[in-house]
Every structure is written in structure tokens, then in C-alpha cells.
Amino acid sequence: MFAGSLALTGCALGPVQPLPSDTAARLAPVRFLLTFDDGPDSGPYGGTPLILRQLADNPVTPGIKALFFVQTEHRLRGGGPEGRAQMRATCAQGQLMAVHSGMAEGHTSHTRLPSDVLAASLRRGAADIALQCGAALPVVRPPTWRHDARTEGVYGQVGMAMLMTDANARDGKFWGWNISLRRRPHMRHELERVGQAMAAGRLQPVEGVTPVLVAFHDPNGFTAMNMTGYLRILVETARDNGLPLADPPFYTDTQAAARAALARAKAGVYARESWP
Ligand SMILES: [Zn+2]
């Protein structure tokens, strides 16, 4: 039974090695910058409103500000009237928004698009966000993380910088339900990698804290229903790893979150060096 469940998740997650306290003491404390890909997921049972309610009101850090990478043209996402209304409601809560995909077909890998098509889609995406939110944050998260020198060049041409992640909840559609059962040991290992990157001086502090990017997917129903649990898991598994935590441990200031995202995109260095 136990062996079977390990086989399901594909790997056995052993104990982590916490940072030595003298190492932790010289590091700028962690402030989590949450990102959500693939939405908006609107409607009374949609993932986005459920997540927004928990970011606003939770026992860990009320009033969390996050960054939503949206699909602006897919008819069930930002391309329909409900999706557009959701984008407006998300930004009205002080959340940040940026382009994930500006294609009507939705989640298309940027590496498969000709440069002019990709550039036009990103410009349309930013314009669509601006209509609902005033402005898009000029960063882009490539669908399925696929990018290359050419697509990064296109991002630069349209004034955007690529933003990847330090930790990944692995709640994208490719991973299925089984990962969610092991989300705590998984996150503990994600943050072990973050601690190693911080100790090696790879993660650039911004305004006295170390912004740590964590990637979620707001259309994932499990994530949406368990967001408050994830907030607890992040704080608790950071402590398991001996990571110093900022107060508050999550961004609550929209502009500070924006500056952190832009600085990290510009630096282009992450705790992860590959992305699932
Ligand atoms: Zn995606």
C-alpha cells in the first residue's frame, strides 16, 4: 500500500536539511510572492473568487496581494464577459495581473508561435488587461514554462520580462489529484531548494526581504478550496527548513509586490533551474 502510493507520486520525499541558524541569521527574510496561472476562473463556483476570498481573509496574513497570469482571449477565461468581469474584480482587490496567453485558443506554447504572432498576442493580452485593470504588469509567464532565446527576445521587444518561479505547487492539470495528497512534503522540498539558493546568494533581496515566488493555478479546484491550507503549509514548511520569515510573510502591498516581481524578472535567477 505504502509502496503503491509512492509509485503514484513518482518519487519518495525524505527529510529535509534545515539551514544552519548562523546562515539563516545573515539572510534577508522570506516574503512569499504568490502567482496564479491559467485563469481567470470566474463564476460563483470559480477558482479565482474562492482564492480571492481566502487571500483577503485568512488567519495567516489577511490582505495578501498576488500576481495573476491570465489567458486573455480564451472564451472561457478572459475572452468572455464573465472572465473580463472577474479580471476587473481581481484587480479591484489590489491584485496584480499579467499575460500568460493572449491567444484565442488559450494555452498555446510560445515556442510554437512565429515571433510576429507571439508579439501581437502579448500586446493584445496587455491591452485587454489594461481595459479591465488600468495596466498589466510588464512580465510574462510562458504557458507550460516553455521558452527559448527567441521567445525571450520577443518578450523584450514588447517590453515584457519573463517571470518564472522559485517553488511550484505542481497543481497544474498535468499532475492530477495525487500530488495534492503530498503537498506538504512536496512544498517542504521546494523550500529546501529555496534555502540553498538563498544561502548561495542566488536570490536577490528586494527592499530588505527575499521575495520567494510560488506558482499555483487558480482554475485548479483543489487549490481553490484549500488556499488557506496552502498559506499555512508555506509558513510551516519554511520553518521546517530554518528559513527566516518576514513579517508579514506574504506581500500585502500591491506596489511592493509589483516592484519585487519586476526585480526578480530582471534578475532572471530562481531557486529552480528547471520547471515541470
Ligand atoms: Zn499555464
# chains A, B, ... in the order shown; residues from 1 in each chain; ligands from 1
>>> residues_around(residues="range 242-255 of chain A", least_positions_apart="6", cutoff="10 Å", atoms="only C-alpha atoms", output="JSON, numbers by chain")
{"A": [17, 18, 19, 20, 21, 23, 24, 25, 26, 27, 28, 29, 30, 31, 32, 33, 34, 55, 56, 60, 61, 62, 63, 64, 65, 66, 67, 91, 93, 94, 95, 96, 191, 192, 194, 195, 196, 198, 199, 208, 209, 210, 211, 212, 231, 234, 235, 236, 261]}
>>> write_last_selection(atoms="C-alpha atoms", output="PDB file, in the first residue's frame")
ATOM      1  CA  GLN A  17      18.193  19.530   5.877  1.00  0.00           C
ATOM      2  CA  PRO A  18      17.304  22.825   7.625  1.00  0.00           C
ATOM      3  CA  LEU A  19      19.613  25.804   7.142  1.00  0.00           C
ATOM      4  CA  PRO A  20      22.120  26.286   9.981  1.00  0.00           C
ATOM      5  CA  SER A  21      20.878  29.113  12.233  1.00  0.00           C
ATOM      6  CA  THR A  23      23.438  31.017   7.920  1.00  0.00           C
ATOM      7  CA  ALA A  24      19.746  31.874   8.303  1.00  0.00           C
ATOM      8  CA  ALA A  25      20.609  34.842  10.547  1.00  0.00           C
ATOM      9  CA  ARG A  26      22.519  36.648   7.796  1.00  0.00           C
ATOM     10  CA  LEU A  27      19.775  36.248   5.136  1.00  0.00           C
ATOM     11  CA  ALA A  28      17.093  38.788   4.227  1.00  0.00           C
ATOM     12  CA  PRO A  29      13.867  37.149   5.474  1.00  0.00           C
ATOM     13  CA  VAL A  30      11.463  35.442   3.087  1.00  0.00           C
ATOM     14  CA  ARG A  31       8.321  37.139   1.852  1.00  0.00           C
ATOM     15  CA  PHE A  32       6.218  34.893  -0.371  1.00  0.00           C
ATOM     16  CA  LEU A  33       5.012  36.309  -3.680  1.00  0.00           C
ATOM     17  CA  LEU A  34       2.158  34.066  -4.820  1.00  0.00           C
ATOM     18  CA  LEU A  55      -6.223  35.859   0.206  1.00  0.00           C
ATOM     19  CA  ALA A  56      -8.286  38.721   1.635  1.00  0.00           C
ATOM     20  CA  VAL A  60      -2.053  33.689   8.416  1.00  0.00           C
ATOM     21  CA  THR A  61      -1.771  37.074   6.652  1.00  0.00           C
ATOM     22  CA  PRO A  62      -5.011  38.940   5.837  1.00  0.00           C
ATOM     23  CA  GLY A  63      -4.979  41.081   2.704  1.00  0.00           C
ATOM     24  CA  ILE A  64      -2.448  39.133   0.623  1.00  0.00           C
ATOM     25  CA  LYS A  65      -1.606  40.648  -2.775  1.00  0.00           C
ATOM     26  CA  ALA A  66      -0.644  38.178  -5.511  1.00  0.00           C
ATOM     27  CA  LEU A  67       0.062  38.151  -9.238  1.00  0.00           C
ATOM     28  CA  CYS A  91      -7.663  43.982  -9.852  1.00  0.00           C
ATOM     29  CA  GLN A  93      -8.961  43.886  -4.801  1.00  0.00           C
ATOM     30  CA  GLY A  94      -5.454  45.246  -5.420  1.00  0.00           C
ATOM     31  CA  GLN A  95      -4.159  42.113  -7.122  1.00  0.00           C
ATOM     32  CA  LEU A  96      -1.622  42.316  -9.938  1.00  0.00           C
ATOM     33  CA  LEU A 191      11.568  25.387   0.088  1.00  0.00           C
ATOM     34  CA  GLU A 192      14.682  23.372   0.873  1.00  0.00           C
ATOM     35  CA  VAL A 194      14.915  27.938  -1.905  1.00  0.00           C
ATOM     36  CA  GLY A 195      17.022  27.891   1.289  1.00  0.00           C
ATOM     37  CA  GLN A 196      20.007  26.515  -0.601  1.00  0.00           C
ATOM     38  CA  MET A 198      19.416  31.931  -0.602  1.00  0.00           C
ATOM     39  CA  ALA A 199      22.474  30.597   1.232  1.00  0.00           C
ATOM     40  CA  GLY A 208      15.040  44.231   2.787  1.00  0.00           C
ATOM     41  CA  VAL A 209      13.234  40.947   2.137  1.00  0.00           C
ATOM     42  CA  THR A 210      13.839  37.960  -0.128  1.00  0.00           C
ATOM     43  CA  PRO A 211      10.819  37.654  -2.430  1.00  0.00           C
ATOM     44  CA  VAL A 212      10.128  33.946  -2.959  1.00  0.00           C
ATOM     45  CA  LEU A 231      -0.751  29.507   3.194  1.00  0.00           C
ATOM     46  CA  LEU A 234       4.165  27.611   3.174  1.00  0.00           C
ATOM     47  CA  VAL A 235       4.822  29.230   6.552  1.00  0.00           C
ATOM     48  CA  GLU A 236       5.224  25.912   8.361  1.00  0.00           C
ATOM     49  CA  ALA A 261       8.146  40.805  -9.343  1.00  0.00           C
TER      50      ALA A 261
END
>>> residues_near_ligand(ligand="ligand 1", cutoff="7 Å", atoms="only C-alpha atoms and all ligand atoms", output="short mmCIF file (atom, residue, chain, number, x, y, z; two decimals) with C-alpha atoms, in the first residue's frame")
data_model
loop_
_atom_site.label_atom_id
_atom_site.label_comp_id
_atom_site.auth_asym_id
_atom_site.auth_seq_id
_atom_site.Cartn_x
_atom_site.Cartn_y
_atom_site.Cartn_z
CA ASP A 37 -1.60 30.84 -13.78
CA ASP A 38 -4.30 29.95 -16.32
CA HIS A 100 0.07 34.17 -19.60
CA HIS A 107 -2.78 27.69 -23.50
CA PRO A 143 2.49 28.54 -20.82
CA THR A 144 3.87 25.15 -19.67
#
>>> residues_around(residues="Gly172 in chain A", least_positions_apart="3", cutoff="9 Å", atoms="only C-alpha atoms", output="PDB file with N, CA and C atoms, in the first residue's frame")
ATOM      1  N   ASP A  37      -1.586  30.941 -12.317  1.00  0.00           N
ATOM      2  CA  ASP A  37      -1.605  30.841 -13.780  1.00  0.00           C
ATOM      3  C   ASP A  37      -2.931  30.266 -14.272  1.00  0.00           C
ATOM      4  N   ASP A  38      -3.253  30.603 -15.509  1.00  0.00           N
ATOM      5  CA  ASP A  38      -4.297  29.946 -16.324  1.00  0.00           C
ATOM      6  C   ASP A  38      -5.693  30.548 -16.204  1.00  0.00           C
ATOM      7  N   THR A 144       3.104  26.390 -19.900  1.00  0.00           N
ATOM      8  CA  THR A 144       3.874  25.153 -19.672  1.00  0.00           C
ATOM      9  C   THR A 144       5.370  25.437 -19.516  1.00  0.00           C
ATOM     10  N   ALA A 169       3.724  24.613  -6.789  1.00  0.00           N
ATOM     11  CA  ALA A 169       2.800  23.727  -6.074  1.00  0.00           C
ATOM     12  C   ALA A 169       2.467  22.477  -6.893  1.00  0.00           C
ATOM     13  N   TRP A 175      -0.663  17.148 -13.487  1.00  0.00           N
ATOM     14  CA  TRP A 175      -0.212  16.384 -12.335  1.00  0.00           C
ATOM     15  C   TRP A 175      -1.335  15.615 -11.642  1.00  0.00           C
ATOM     16  N   GLY A 176      -2.560  16.025 -11.850  1.00  0.00           N
ATOM     17  CA  GLY A 176      -3.675  15.243 -11.300  1.00  0.00           C
ATOM     18  C   GLY A 176      -3.811  15.386  -9.794  1.00  0.00           C
ATOM     19  N   PHE A 216       0.974  28.741  -8.400  1.00  0.00           N
ATOM     20  CA  PHE A 216      -0.261  27.961  -8.272  1.00  0.00           C
ATOM     21  C   PHE A 216      -1.077  28.134  -9.555  1.00  0.00           C
ATOM     22  N   HIS A 217      -2.189  27.398  -9.639  1.00  0.00           N
ATOM     23  CA  HIS A 217      -3.137  27.525 -10.755  1.00  0.00           C
ATOM     24  C   HIS A 217      -4.521  27.776 -10.176  1.00  0.00           C
ATOM     25  N   PRO A 219      -7.508  27.940 -11.629  1.00  0.00           N
ATOM     26  CA  PRO A 219      -8.627  27.072 -12.032  1.00  0.00           C
ATOM     27  C   PRO A 219      -8.608  25.681 -11.383  1.00  0.00           C
ATOM     28  N   ASN A 220      -7.540  25.336 -10.676  1.00  0.00           N
ATOM     29  CA  ASN A 220      -7.495  24.031 -10.005  1.00  0.00           C
ATOM     30  C   ASN A 220      -8.424  24.066  -8.786  1.00  0.00           C
TER      31      ASN A 220
END
>>> select_by_dssp(residues="range 168-229 of chain A", states="alpha helix (DSSP H)", output="list in words")
Asn178, Ile179, Ser180, Leu181, Arg183, Arg184, Pro185, His186, Met187, Arg188, His189, Glu190, Leu191, Glu192, Arg193, Val194, Gly195, Gln196, Ala197, Met198, Ala199, Gly221, Phe222, Thr223, Ala224, Met225, Met227, Thr228 and Gly229 of chain A
>>> select_by_dssp(residues="range 96-266 of chain A", states="strand (DSSP E)", output="list in words")
Leu96, Met97, Ala98, Val99, His100, Ser101, Val139, Val140, Ala161, Met162, Ala167, Asn168, Thr210, Pro211, Val212, Leu213, Val214, Ala215, Phe216, His217, Leu245, Ala246, Asp247, Pro248, Pro249 and Phe250 of chain A
>>> closest_residue(among="A:Thr111, A:Asn168, A:Asn58, A:Gln71", to="Ala271 in chain A", atoms="only C-alpha atoms")
A:Asn168
